[in-house]
Amino acid sequence: MKFNEFNLSADLLAEIEKAGFVEASPIQEQTIPLALEGKDVIGQAQTGTGKTAAFGLPTLEKIRTEEATIQALVIAPTRELAVQSQEELFRFGRSKGVKVRSVYGGSSIEKQIKALKSGAHIVVGTPGRLLDLIKRKALKLQDIETLILDEADEMLNMGFLEDIEAIISRVPENRQTLLFSATMPDAIKRIGVQFMKEPEHVKIAAKELTTELVDQYYIRVKEQEKFDTMTRLMDVDQPELSIVFGRTKRRVDELTRGLKIRGFRAEGIHGDLDQNKRLRVLRDFKNGNLDVLVATDVAARGLDISGVTHVYNYDIPQDPESYVHRIGRTGRAGKSGQSITFVSPNEMGYLQIIENLTKKRMKGLKPASAEEAFQAKKQVALKKIERDFANEEIRSNFEKFGKDARQLASEFSPEELAMYILSLTVQDPDSLPEVEIAREKPLPFKPSGGGFGGKGKGGRRGDDRRDRDRRRDNRRGERRDDFKKGSRKNDRFEKENRYRKDNKKPRNTSSEKKTGFVIRNKGDK
DNA sequence: AAAAAAT
């Protein structure tokens, strides 16, 4: 279905066309008509399939610009996401003259109050700042007709729920409520439904929860070897842009430092950094002034950054839902991507929990050796140098390598110069600076209920336990079969060949020799 | 058990 087949006004369609959108995605096709009718909708679809436009377009359509009232409210889990959604809504509503404001913590409330006073039809905000503005009577919600929870399952989660309830209690009961997310656990959906009237749950049916545009890999690696393993893989993969997710803010700081030492253009983003820095880092990453964004889960959800080809889960995500969102930062809008999740031997149980949620097996991957990484880097540098030498401006390019460049350039052949530049560009793997990432206390493992804790409580304990045992036995069976058929093995070799032109088998790591493919949970005996 | 979110 095409956008111009929706019952949308000409000024919206003009902006849609300007943005180059023609064909609506399935979630858009199914939710836009419902939302235009005024129905309450839960919209669930894979990451990167255009959920913002799905709730944004019908919302914009219904705004009466001649009235200077706030008619729609969007609540988002992070400040960056609030900014991004505001920008997208503004873009589509531009011709129509819709005023969209974003409000969030960490930046001047005075400015935001002024902006609200200058007129707003749609407000996009994070919970804390919204409540603050409501208390100061700078934000009136009595004219709201559409309420949207972006990343709805996160907004209705513990930690946010109380604030959300407080905000919703100020919004008129007679309203339309839209909930959107890629993930929607049943327990959370039940909470959400309480704020809605006869909601339609549009769930784009897919075998897997994650998009098939992302190739999902995991590497089983000891904690102490993780950093080297990741940087080598990055050298081999040569991502355009990549995001590295760490478990804690401190960890993100360490990883950022380490990656910088290794020569990557990397910056970190997490909740302890001041808001200017957070926005600056994100902007630099989008502009291509950075190659690697190192992040906590603050960047896991919603952020739409084109050019992200690789997501590295340096630490395995805390919640299986977080995994779905993290890897959804790549493989967006029809483009493909890769995710690589690093799993230490005692975390293999988490891998299983994630796979249970996504209904998708990650492929095992062998670490690349230092030599392989070095060769890969060298190839890339050589290509770049060759390109430079083909260019007329080779001398100006060469000059940055030293005072005598002009002299050297006249005395040596292009090949000799190339070798010289290469030696300056690519470091020998043995001389790489050492980086140590502090070991954190291991994740607590709670096998109950299939989640990472917090679920399965209440009167169903016995059932949960039986389910769990059954699931576990199934898992073991599947894995053993895989091992016999060698399908997993084949996956590994298929990937290895990318790294090994000589087809030699990379050496086994000791941990793999030890445990093969058997899953070891703490709960298992 | 961590991160996010107001100051």
# chains A, B, ... in the order shown; residues from 1 in each chain; ligands from 1
>>> interface_residues(of="chain A", to="chain B", cutoff="8 Å", atoms="only C-alpha atoms (C1' of nucleotides)", output="number ranges by chain")
A: 77-78, 105, 126-129, 132, 160, 247-248, 271, 296-298, 318, 443-444
>>> select_by_dssp(residues="range 194-401 of chain A", states="strand (DSSP E)", output="ChimeraX atom specification")
/A:200-203,214-220,241-245,266-269,292-295,308-313,337-343,363-364
>>> write_last_selection(atoms="N, CA and C atoms", output="short mmCIF file (atom, residue, chain, number, x, y, z; two decimals), in the first residue's frame")
data_model
loop_
_atom_site.label_atom_id
_atom_site.label_comp_id
_atom_site.auth_asym_id
_atom_site.auth_seq_id
_atom_site.Cartn_x
_atom_site.Cartn_y
_atom_site.Cartn_z
N GLU A 200 -6.92 -2.22 19.83
CA GLU A 200 -6.59 -3.20 18.79
C GLU A 200 -5.10 -3.48 18.90
N HIS A 201 -4.75 -4.74 19.01
CA HIS A 201 -3.33 -5.09 19.04
C HIS A 201 -2.89 -5.50 17.65
N VAL A 202 -2.15 -4.62 17.00
CA VAL A 202 -1.62 -4.94 15.68
C VAL A 202 -0.20 -5.47 15.87
N LYS A 203 -0.06 -6.75 15.63
CA LYS A 203 1.25 -7.35 15.79
C LYS A 203 1.66 -7.87 14.42
N VAL A 214 19.37 -8.44 10.06
CA VAL A 214 20.55 -8.48 10.91
C VAL A 214 21.06 -9.90 11.04
N ASP A 215 22.30 -10.12 10.65
CA ASP A 215 22.94 -11.42 10.87
C ASP A 215 23.43 -11.46 12.30
N GLN A 216 22.95 -12.43 13.05
CA GLN A 216 23.26 -12.46 14.48
C GLN A 216 24.31 -13.51 14.80
N TYR A 217 25.40 -13.08 15.40
CA TYR A 217 26.47 -13.99 15.79
C TYR A 217 26.75 -13.87 17.28
N TYR A 218 27.35 -14.92 17.83
CA TYR A 218 27.86 -14.81 19.18
C TYR A 218 29.28 -15.36 19.22
N ILE A 219 30.05 -14.89 20.16
CA ILE A 219 31.39 -15.43 20.37
C ILE A 219 31.52 -15.80 21.84
N ARG A 220 31.91 -17.03 22.06
CA ARG A 220 32.13 -17.48 23.42
C ARG A 220 33.57 -17.16 23.77
N LEU A 241 29.82 2.30 10.47
CA LEU A 241 29.63 2.81 11.82
C LEU A 241 29.26 1.62 12.70
N SER A 242 29.73 1.66 13.96
CA SER A 242 29.36 0.56 14.85
C SER A 242 28.99 1.10 16.23
N ILE A 243 28.16 0.33 16.92
CA ILE A 243 27.83 0.66 18.30
C ILE A 243 28.30 -0.49 19.19
N VAL A 244 29.02 -0.15 20.26
CA VAL A 244 29.47 -1.13 21.24
C VAL A 244 28.66 -0.92 22.51
N PHE A 245 27.92 -1.93 22.93
CA PHE A 245 27.13 -1.79 24.14
C PHE A 245 27.85 -2.40 25.34
N ALA A 266 36.34 6.75 18.73
CA ALA A 266 35.22 6.31 19.55
C ALA A 266 34.88 7.34 20.62
N GLU A 267 33.60 7.43 20.95
CA GLU A 267 33.16 8.23 22.08
C GLU A 267 32.06 7.47 22.81
N GLY A 268 31.93 7.77 24.10
CA GLY A 268 30.92 7.07 24.89
C GLY A 268 29.68 7.92 25.12
N ILE A 269 28.58 7.24 25.36
CA ILE A 269 27.35 7.94 25.73
C ILE A 269 26.67 7.16 26.85
N VAL A 292 32.82 4.76 16.12
CA VAL A 292 32.32 3.83 17.12
C VAL A 292 31.61 4.59 18.23
N LEU A 293 30.37 4.22 18.48
CA LEU A 293 29.65 4.78 19.61
C LEU A 293 29.63 3.72 20.70
N VAL A 294 30.17 4.07 21.86
CA VAL A 294 30.16 3.13 22.98
C VAL A 294 29.04 3.56 23.91
N ALA A 295 28.15 2.64 24.26
CA ALA A 295 26.93 3.08 24.93
C ALA A 295 26.41 2.10 25.97
N VAL A 308 24.90 2.51 10.42
CA VAL A 308 25.37 1.57 11.45
C VAL A 308 25.31 0.16 10.86
N THR A 309 26.50 -0.41 10.63
CA THR A 309 26.54 -1.74 10.02
C THR A 309 26.76 -2.85 11.04
N HIS A 310 27.31 -2.48 12.21
CA HIS A 310 27.63 -3.50 13.22
C HIS A 310 27.23 -3.07 14.62
N VAL A 311 26.63 -4.00 15.34
CA VAL A 311 26.37 -3.79 16.76
C VAL A 311 27.15 -4.85 17.53
N TYR A 312 28.01 -4.40 18.43
CA TYR A 312 28.77 -5.32 19.27
C TYR A 312 28.22 -5.28 20.69
N ASN A 313 27.72 -6.41 21.14
CA ASN A 313 27.32 -6.51 22.54
C ASN A 313 28.52 -6.97 23.34
N GLY A 337 22.63 -5.58 8.34
CA GLY A 337 23.62 -5.32 9.39
C GLY A 337 24.03 -6.61 10.07
N GLN A 338 24.96 -6.47 11.00
CA GLN A 338 25.45 -7.62 11.75
C GLN A 338 25.45 -7.32 13.23
N SER A 339 25.16 -8.31 14.05
CA SER A 339 25.37 -8.13 15.48
C SER A 339 26.25 -9.25 16.00
N ILE A 340 27.13 -8.89 16.91
CA ILE A 340 28.02 -9.86 17.52
C ILE A 340 27.92 -9.73 19.03
N THR A 341 27.55 -10.80 19.68
CA THR A 341 27.36 -10.78 21.12
C THR A 341 28.45 -11.60 21.79
N PHE A 342 29.17 -10.98 22.71
CA PHE A 342 30.25 -11.67 23.40
C PHE A 342 29.70 -12.31 24.67
N VAL A 343 29.96 -13.59 24.79
CA VAL A 343 29.39 -14.35 25.90
C VAL A 343 30.50 -15.06 26.63
N LYS A 363 24.51 -17.48 15.30
CA LYS A 363 25.55 -18.38 14.80
C LYS A 363 26.81 -18.19 15.61
N GLY A 364 27.48 -19.29 15.90
CA GLY A 364 28.74 -19.21 16.64
C GLY A 364 29.84 -18.68 15.74
#
>>> closest_residue(among="A:Ser25, A:Gln112, A:Thr52, A:Thr358", to="Asp150 in chain A", atoms="only C-alpha atoms")
A:Thr52
>>> select_by_dssp(residues="range 39-91 of chain A", states="alpha helix (DSSP H)", output="PDB file with all heavy atoms, in the first residue's frame")
ATOM      1  N   LYS A  51       7.889   2.771  12.938  1.00  0.00           N
ATOM      2  CA  LYS A  51       6.803   2.921  13.915  1.00  0.00           C
ATOM      3  C   LYS A  51       6.518   4.394  14.228  1.00  0.00           C
ATOM      4  O   LYS A  51       5.374   4.758  14.474  1.00  0.00           O
ATOM      5  CB  LYS A  51       7.142   2.147  15.205  1.00  0.00           C
ATOM      6  CG  LYS A  51       7.045   0.627  15.018  1.00  0.00           C
ATOM      7  CD  LYS A  51       7.162  -0.125  16.316  1.00  0.00           C
ATOM      8  CE  LYS A  51       8.573  -0.125  16.873  1.00  0.00           C
ATOM      9  NZ  LYS A  51       9.517  -0.957  16.086  1.00  0.00           N
ATOM     10  N   THR A  52       7.555   5.222  14.204  1.00  0.00           N
ATOM     11  CA  THR A  52       7.326   6.642  14.514  1.00  0.00           C
ATOM     12  C   THR A  52       6.349   7.265  13.519  1.00  0.00           C
ATOM     13  O   THR A  52       5.418   7.979  13.916  1.00  0.00           O
ATOM     14  CB  THR A  52       8.649   7.431  14.493  1.00  0.00           C
ATOM     15  OG1 THR A  52       9.590   6.755  15.319  1.00  0.00           O
ATOM     16  CG2 THR A  52       8.451   8.835  15.026  1.00  0.00           C
ATOM     17  N   ALA A  53       6.539   6.979  12.241  1.00  0.00           N
ATOM     18  CA  ALA A  53       5.605   7.505  11.242  1.00  0.00           C
ATOM     19  C   ALA A  53       4.230   6.858  11.413  1.00  0.00           C
ATOM     20  O   ALA A  53       3.203   7.496  11.180  1.00  0.00           O
ATOM     21  CB  ALA A  53       6.141   7.249   9.835  1.00  0.00           C
ATOM     22  N   ALA A  54       4.214   5.608  11.859  1.00  0.00           N
ATOM     23  CA  ALA A  54       2.942   4.902  12.028  1.00  0.00           C
ATOM     24  C   ALA A  54       2.048   5.618  13.038  1.00  0.00           C
ATOM     25  O   ALA A  54       0.852   5.781  12.813  1.00  0.00           O
ATOM     26  CB  ALA A  54       3.184   3.455  12.449  1.00  0.00           C
ATOM     27  N   PHE A  55       2.618   6.056  14.152  1.00  0.00           N
ATOM     28  CA  PHE A  55       1.764   6.806  15.090  1.00  0.00           C
ATOM     29  C   PHE A  55       1.799   8.308  14.805  1.00  0.00           C
ATOM     30  O   PHE A  55       0.858   9.028  15.106  1.00  0.00           O
ATOM     31  CB  PHE A  55       2.135   6.507  16.555  1.00  0.00           C
ATOM     32  CG  PHE A  55       3.486   7.005  17.011  1.00  0.00           C
ATOM     33  CD1 PHE A  55       3.733   8.363  17.188  1.00  0.00           C
ATOM     34  CD2 PHE A  55       4.507   6.109  17.316  1.00  0.00           C
ATOM     35  CE1 PHE A  55       4.975   8.816  17.640  1.00  0.00           C
ATOM     36  CE2 PHE A  55       5.740   6.556  17.756  1.00  0.00           C
ATOM     37  CZ  PHE A  55       5.978   7.910  17.908  1.00  0.00           C
ATOM     38  N   GLY A  56       2.890   8.769  14.184  1.00  0.00           N
ATOM     39  CA  GLY A  56       3.060  10.199  13.969  1.00  0.00           C
ATOM     40  C   GLY A  56       2.129  10.770  12.916  1.00  0.00           C
ATOM     41  O   GLY A  56       1.541  11.842  13.127  1.00  0.00           O
ATOM     42  N   LEU A  57       1.982  10.069  11.804  1.00  0.00           N
ATOM     43  CA  LEU A  57       1.171  10.618  10.710  1.00  0.00           C
ATOM     44  C   LEU A  57      -0.303  10.788  11.090  1.00  0.00           C
ATOM     45  O   LEU A  57      -0.860  11.868  10.906  1.00  0.00           O
ATOM     46  CB  LEU A  57       1.335   9.768   9.445  1.00  0.00           C
ATOM     47  CG  LEU A  57       2.742   9.844   8.829  1.00  0.00           C
ATOM     48  CD1 LEU A  57       2.909   8.828   7.712  1.00  0.00           C
ATOM     49  CD2 LEU A  57       3.030  11.257   8.317  1.00  0.00           C
ATOM     50  N   PRO A  58      -0.948   9.757  11.637  1.00  0.00           N
ATOM     51  CA  PRO A  58      -2.347   9.982  12.035  1.00  0.00           C
ATOM     52  C   PRO A  58      -2.481  11.049  13.125  1.00  0.00           C
ATOM     53  O   PRO A  58      -3.457  11.799  13.137  1.00  0.00           O
ATOM     54  CB  PRO A  58      -2.818   8.614  12.540  1.00  0.00           C
ATOM     55  CG  PRO A  58      -1.614   7.762  12.642  1.00  0.00           C
ATOM     56  CD  PRO A  58      -0.537   8.351  11.806  1.00  0.00           C
ATOM     57  N   THR A  59      -1.493  11.112  14.007  1.00  0.00           N
ATOM     58  CA  THR A  59      -1.543  12.130  15.060  1.00  0.00           C
ATOM     59  C   THR A  59      -1.470  13.526  14.442  1.00  0.00           C
ATOM     60  O   THR A  59      -2.252  14.413  14.782  1.00  0.00           O
ATOM     61  CB  THR A  59      -0.390  11.921  16.059  1.00  0.00           C
ATOM     62  OG1 THR A  59      -0.500  10.600  16.606  1.00  0.00           O
ATOM     63  CG2 THR A  59      -0.447  12.941  17.185  1.00  0.00           C
ATOM     64  N   LEU A  60      -0.521  13.703  13.526  1.00  0.00           N
ATOM     65  CA  LEU A  60      -0.377  14.995  12.858  1.00  0.00           C
ATOM     66  C   LEU A  60      -1.644  15.347  12.086  1.00  0.00           C
ATOM     67  O   LEU A  60      -2.089  16.498  12.056  1.00  0.00           O
ATOM     68  CB  LEU A  60       0.823  14.958  11.897  1.00  0.00           C
ATOM     69  CG  LEU A  60       2.198  14.980  12.556  1.00  0.00           C
ATOM     70  CD1 LEU A  60       3.266  14.494  11.592  1.00  0.00           C
ATOM     71  CD2 LEU A  60       2.537  16.386  13.053  1.00  0.00           C
ATOM     72  N   GLU A  61      -2.222  14.328  11.454  1.00  0.00           N
ATOM     73  CA  GLU A  61      -3.429  14.547  10.648  1.00  0.00           C
ATOM     74  C   GLU A  61      -4.546  15.179  11.485  1.00  0.00           C
ATOM     75  O   GLU A  61      -5.262  16.055  11.023  1.00  0.00           O
ATOM     76  CB  GLU A  61      -3.894  13.210  10.055  1.00  0.00           C
ATOM     77  CG  GLU A  61      -5.152  13.259   9.221  1.00  0.00           C
ATOM     78  CD  GLU A  61      -4.983  14.056   7.914  1.00  0.00           C
ATOM     79  OE1 GLU A  61      -3.849  14.051   7.391  1.00  0.00           O
ATOM     80  OE2 GLU A  61      -5.962  14.668   7.461  1.00  0.00           O
ATOM     81  N   LYS A  62      -4.629  14.723  12.724  1.00  0.00           N
ATOM     82  CA  LYS A  62      -5.761  15.164  13.552  1.00  0.00           C
ATOM     83  C   LYS A  62      -5.547  16.520  14.233  1.00  0.00           C
ATOM     84  O   LYS A  62      -6.475  17.081  14.805  1.00  0.00           O
ATOM     85  CB  LYS A  62      -6.060  14.088  14.604  1.00  0.00           C
ATOM     86  CG  LYS A  62      -6.910  12.963  14.017  1.00  0.00           C
ATOM     87  CD  LYS A  62      -7.212  11.914  15.036  1.00  0.00           C
ATOM     88  CE  LYS A  62      -6.008  11.025  15.218  1.00  0.00           C
ATOM     89  NZ  LYS A  62      -6.196   9.978  16.211  1.00  0.00           N
ATOM     90  N   ARG A  79      16.174  10.943  26.545  1.00  0.00           N
ATOM     91  CA  ARG A  79      16.138  12.317  26.032  1.00  0.00           C
ATOM     92  C   ARG A  79      16.444  12.360  24.547  1.00  0.00           C
ATOM     93  O   ARG A  79      15.798  13.092  23.786  1.00  0.00           O
ATOM     94  CB  ARG A  79      17.170  13.151  26.785  1.00  0.00           C
ATOM     95  CG  ARG A  79      16.870  13.241  28.270  1.00  0.00           C
ATOM     96  CD  ARG A  79      18.083  13.704  29.040  1.00  0.00           C
ATOM     97  NE  ARG A  79      17.822  13.774  30.466  1.00  0.00           N
ATOM     98  CZ  ARG A  79      18.750  14.083  31.363  1.00  0.00           C
ATOM     99  NH1 ARG A  79      20.003  14.349  30.971  1.00  0.00           N
ATOM    100  NH2 ARG A  79      18.448  14.132  32.637  1.00  0.00           N
ATOM    101  N   GLU A  80      17.413  11.573  24.135  1.00  0.00           N
ATOM    102  CA  GLU A  80      17.807  11.564  22.722  1.00  0.00           C
ATOM    103  C   GLU A  80      16.662  11.093  21.838  1.00  0.00           C
ATOM    104  O   GLU A  80      16.465  11.599  20.731  1.00  0.00           O
ATOM    105  CB  GLU A  80      19.027  10.657  22.505  1.00  0.00           C
ATOM    106  CG  GLU A  80      20.341  11.215  23.027  1.00  0.00           C
ATOM    107  CD  GLU A  80      20.443  11.180  24.543  1.00  0.00           C
ATOM    108  OE1 GLU A  80      19.651  10.442  25.173  1.00  0.00           O
ATOM    109  OE2 GLU A  80      21.299  11.881  25.105  1.00  0.00           O
ATOM    110  N   LEU A  81      15.905  10.128  22.355  1.00  0.00           N
ATOM    111  CA  LEU A  81      14.792   9.617  21.566  1.00  0.00           C
ATOM    112  C   LEU A  81      13.683  10.665  21.474  1.00  0.00           C
ATOM    113  O   LEU A  81      13.033  10.810  20.433  1.00  0.00           O
ATOM    114  CB  LEU A  81      14.267   8.313  22.172  1.00  0.00           C
ATOM    115  CG  LEU A  81      13.263   7.557  21.328  1.00  0.00           C
ATOM    116  CD1 LEU A  81      13.797   7.289  19.942  1.00  0.00           C
ATOM    117  CD2 LEU A  81      12.865   6.258  22.001  1.00  0.00           C
ATOM    118  N   ALA A  82      13.489  11.415  22.559  1.00  0.00           N
ATOM    119  CA  ALA A  82      12.497  12.491  22.541  1.00  0.00           C
ATOM    120  C   ALA A  82      12.882  13.513  21.468  1.00  0.00           C
ATOM    121  O   ALA A  82      12.032  13.953  20.684  1.00  0.00           O
ATOM    122  CB  ALA A  82      12.408  13.149  23.915  1.00  0.00           C
ATOM    123  N   VAL A  83      14.147  13.868  21.420  1.00  0.00           N
ATOM    124  CA  VAL A  83      14.618  14.831  20.423  1.00  0.00           C
ATOM    125  C   VAL A  83      14.376  14.287  19.015  1.00  0.00           C
ATOM    126  O   VAL A  83      13.860  14.975  18.135  1.00  0.00           O
ATOM    127  CB  VAL A  83      16.116  15.136  20.625  1.00  0.00           C
ATOM    128  CG1 VAL A  83      16.667  15.947  19.462  1.00  0.00           C
ATOM    129  CG2 VAL A  83      16.335  15.888  21.935  1.00  0.00           C
ATOM    130  N   GLN A  84      14.758  13.039  18.819  1.00  0.00           N
ATOM    131  CA  GLN A  84      14.621  12.440  17.487  1.00  0.00           C
ATOM    132  C   GLN A  84      13.164  12.380  17.027  1.00  0.00           C
ATOM    133  O   GLN A  84      12.859  12.714  15.882  1.00  0.00           O
ATOM    134  CB  GLN A  84      15.219  11.032  17.517  1.00  0.00           C
ATOM    135  CG  GLN A  84      15.121  10.311  16.189  1.00  0.00           C
ATOM    136  CD  GLN A  84      15.605   8.878  16.289  1.00  0.00           C
ATOM    137  OE1 GLN A  84      16.783   8.630  16.501  1.00  0.00           O
ATOM    138  NE2 GLN A  84      14.694   7.922  16.150  1.00  0.00           N
ATOM    139  N   SER A  85      12.270  11.977  17.925  1.00  0.00           N
ATOM    140  CA  SER A  85      10.864  11.875  17.545  1.00  0.00           C
ATOM    141  C   SER A  85      10.294  13.254  17.259  1.00  0.00           C
ATOM    142  O   SER A  85       9.506  13.433  16.325  1.00  0.00           O
ATOM    143  CB  SER A  85      10.057  11.198  18.660  1.00  0.00           C
ATOM    144  OG  SER A  85      10.542   9.894  18.868  1.00  0.00           O
ATOM    145  N   GLN A  86      10.697  14.232  18.075  1.00  0.00           N
ATOM    146  CA  GLN A  86      10.245  15.603  17.837  1.00  0.00           C
ATOM    147  C   GLN A  86      10.669  16.054  16.438  1.00  0.00           C
ATOM    148  O   GLN A  86       9.879  16.625  15.697  1.00  0.00           O
ATOM    149  CB  GLN A  86      10.843  16.525  18.914  1.00  0.00           C
ATOM    150  CG  GLN A  86      10.384  17.960  18.831  1.00  0.00           C
ATOM    151  CD  GLN A  86      11.291  18.820  17.970  1.00  0.00           C
ATOM    152  OE1 GLN A  86      12.467  18.523  17.827  1.00  0.00           O
ATOM    153  NE2 GLN A  86      10.740  19.873  17.391  1.00  0.00           N
ATOM    154  N   GLU A  87      11.911  15.754  16.078  1.00  0.00           N
ATOM    155  CA  GLU A  87      12.416  16.160  14.764  1.00  0.00           C
ATOM    156  C   GLU A  87      11.616  15.509  13.639  1.00  0.00           C
ATOM    157  O   GLU A  87      11.272  16.153  12.650  1.00  0.00           O
ATOM    158  CB  GLU A  87      13.902  15.796  14.624  1.00  0.00           C
ATOM    159  CG  GLU A  87      14.803  16.738  15.402  1.00  0.00           C
ATOM    160  CD  GLU A  87      16.240  16.249  15.493  1.00  0.00           C
ATOM    161  OE1 GLU A  87      16.507  15.090  15.084  1.00  0.00           O
ATOM    162  OE2 GLU A  87      17.087  17.011  15.988  1.00  0.00           O
ATOM    163  N   GLU A  88      11.333  14.215  13.814  1.00  0.00           N
ATOM    164  CA  GLU A  88      10.613  13.513  12.755  1.00  0.00           C
ATOM    165  C   GLU A  88       9.178  14.025  12.626  1.00  0.00           C
ATOM    166  O   GLU A  88       8.684  14.236  11.519  1.00  0.00           O
ATOM    167  CB  GLU A  88      10.631  11.998  13.013  1.00  0.00           C
ATOM    168  CG  GLU A  88      10.078  11.227  11.835  1.00  0.00           C
ATOM    169  CD  GLU A  88      10.471   9.756  11.832  1.00  0.00           C
ATOM    170  OE1 GLU A  88      11.296   9.363  12.679  1.00  0.00           O
ATOM    171  OE2 GLU A  88       9.930   9.018  10.995  1.00  0.00           O
ATOM    172  N   LEU A  89       8.533  14.251  13.762  1.00  0.00           N
ATOM    173  CA  LEU A  89       7.165  14.777  13.723  1.00  0.00           C
ATOM    174  C   LEU A  89       7.151  16.171  13.111  1.00  0.00           C
ATOM    175  O   LEU A  89       6.280  16.509  12.313  1.00  0.00           O
ATOM    176  CB  LEU A  89       6.564  14.803  15.132  1.00  0.00           C
ATOM    177  CG  LEU A  89       6.280  13.432  15.756  1.00  0.00           C
ATOM    178  CD1 LEU A  89       5.901  13.564  17.214  1.00  0.00           C
ATOM    179  CD2 LEU A  89       5.172  12.715  14.986  1.00  0.00           C
ATOM    180  N   PHE A  90       8.132  16.963  13.478  1.00  0.00           N
ATOM    181  CA  PHE A  90       8.218  18.312  12.934  1.00  0.00           C
ATOM    182  C   PHE A  90       8.352  18.264  11.417  1.00  0.00           C
ATOM    183  O   PHE A  90       7.693  19.001  10.687  1.00  0.00           O
ATOM    184  CB  PHE A  90       9.396  19.064  13.543  1.00  0.00           C
ATOM    185  CG  PHE A  90       9.693  20.359  12.843  1.00  0.00           C
ATOM    186  CD1 PHE A  90       8.882  21.476  13.017  1.00  0.00           C
ATOM    187  CD2 PHE A  90      10.769  20.461  11.966  1.00  0.00           C
ATOM    188  CE1 PHE A  90       9.136  22.660  12.357  1.00  0.00           C
ATOM    189  CE2 PHE A  90      11.035  21.647  11.296  1.00  0.00           C
ATOM    190  CZ  PHE A  90      10.212  22.747  11.488  1.00  0.00           C
ATOM    191  N   ARG A  91       9.218  17.384  10.949  1.00  0.00           N
ATOM    192  CA  ARG A  91       9.479  17.270   9.523  1.00  0.00           C
ATOM    193  C   ARG A  91       8.195  16.960   8.749  1.00  0.00           C
ATOM    194  O   ARG A  91       7.877  17.613   7.770  1.00  0.00           O
ATOM    195  CB  ARG A  91      10.510  16.160   9.291  1.00  0.00           C
ATOM    196  CG  ARG A  91      11.073  16.079   7.898  1.00  0.00           C
ATOM    197  CD  ARG A  91      12.388  15.300   7.889  1.00  0.00           C
ATOM    198  NE  ARG A  91      12.250  14.004   8.522  1.00  0.00           N
ATOM    199  CZ  ARG A  91      12.304  12.844   7.871  1.00  0.00           C
ATOM    200  NH1 ARG A  91      12.483  12.821   6.570  1.00  0.00           N
ATOM    201  NH2 ARG A  91      12.196  11.709   8.518  1.00  0.00           N
TER     202      ARG A  91
END
>>> residues_around(residues="Gly43 in chain A", least_positions_apart="2", cutoff="12 Å", atoms="only C-alpha atoms (C1' of nucleotides)", output="PyMOL selection string")
chain A and resi 26-32+34-35+39-41+45-47+49-55+148-153+177-184+189+192+199-205
>>> residues_around(residues="Met419 in chain A", least_positions_apart="5", cutoff="10 Å", atoms="only C-alpha atoms (C1' of nucleotides)", output="list in words")
Leu382, Ile385, Pro414, Leu424 and Thr425 of chain A
>>> write_last_selection(atoms="all heavy atoms", output="PDB file, in the first residue's frame")
ATOM      1  N   LEU A 382      46.213  -0.502   2.434  1.00  0.00           N
ATOM      2  CA  LEU A 382      46.808  -0.576   1.094  1.00  0.00           C
ATOM      3  C   LEU A 382      45.859  -0.050   0.026  1.00  0.00           C
ATOM      4  O   LEU A 382      46.243   0.716  -0.844  1.00  0.00           O
ATOM      5  CB  LEU A 382      47.180  -2.024   0.773  1.00  0.00           C
ATOM      6  CG  LEU A 382      48.641  -2.413   0.984  1.00  0.00           C
ATOM      7  CD1 LEU A 382      48.834  -3.901   0.763  1.00  0.00           C
ATOM      8  CD2 LEU A 382      49.556  -1.603   0.067  1.00  0.00           C
ATOM      9  N   ILE A 385      45.686   3.629   0.221  1.00  0.00           N
ATOM     10  CA  ILE A 385      46.894   4.258  -0.296  1.00  0.00           C
ATOM     11  C   ILE A 385      46.907   4.199  -1.824  1.00  0.00           C
ATOM     12  O   ILE A 385      47.222   5.172  -2.493  1.00  0.00           O
ATOM     13  CB  ILE A 385      48.141   3.575   0.296  1.00  0.00           C
ATOM     14  CG1 ILE A 385      48.252   3.915   1.794  1.00  0.00           C
ATOM     15  CG2 ILE A 385      49.403   4.008  -0.433  1.00  0.00           C
ATOM     16  CD1 ILE A 385      49.191   3.013   2.564  1.00  0.00           C
ATOM     17  N   PRO A 414      55.976   5.000  -6.519  1.00  0.00           N
ATOM     18  CA  PRO A 414      54.715   4.913  -5.797  1.00  0.00           C
ATOM     19  C   PRO A 414      54.651   3.692  -4.885  1.00  0.00           C
ATOM     20  O   PRO A 414      54.150   3.768  -3.776  1.00  0.00           O
ATOM     21  CB  PRO A 414      53.671   4.819  -6.916  1.00  0.00           C
ATOM     22  CG  PRO A 414      54.307   5.494  -8.071  1.00  0.00           C
ATOM     23  CD  PRO A 414      55.788   5.212  -7.951  1.00  0.00           C
ATOM     24  N   LEU A 424      53.588   3.407   8.524  1.00  0.00           N
ATOM     25  CA  LEU A 424      53.178   4.443   9.471  1.00  0.00           C
ATOM     26  C   LEU A 424      51.719   4.287   9.886  1.00  0.00           C
ATOM     27  O   LEU A 424      51.308   4.711  10.958  1.00  0.00           O
ATOM     28  CB  LEU A 424      53.350   5.829   8.845  1.00  0.00           C
ATOM     29  CG  LEU A 424      54.770   6.260   8.488  1.00  0.00           C
ATOM     30  CD1 LEU A 424      54.721   7.567   7.705  1.00  0.00           C
ATOM     31  CD2 LEU A 424      55.626   6.414   9.731  1.00  0.00           C
ATOM     32  N   THR A 425      50.963   3.663   8.997  1.00  0.00           N
ATOM     33  CA  THR A 425      49.515   3.610   9.202  1.00  0.00           C
ATOM     34  C   THR A 425      49.078   2.417  10.040  1.00  0.00           C
ATOM     35  O   THR A 425      48.236   2.540  10.910  1.00  0.00           O
ATOM     36  CB  THR A 425      48.795   3.521   7.833  1.00  0.00           C
ATOM     37  OG1 THR A 425      49.339   4.524   6.982  1.00  0.00           O
ATOM     38  CG2 THR A 425      47.307   3.756   7.987  1.00  0.00           C
TER      39      THR A 425
END
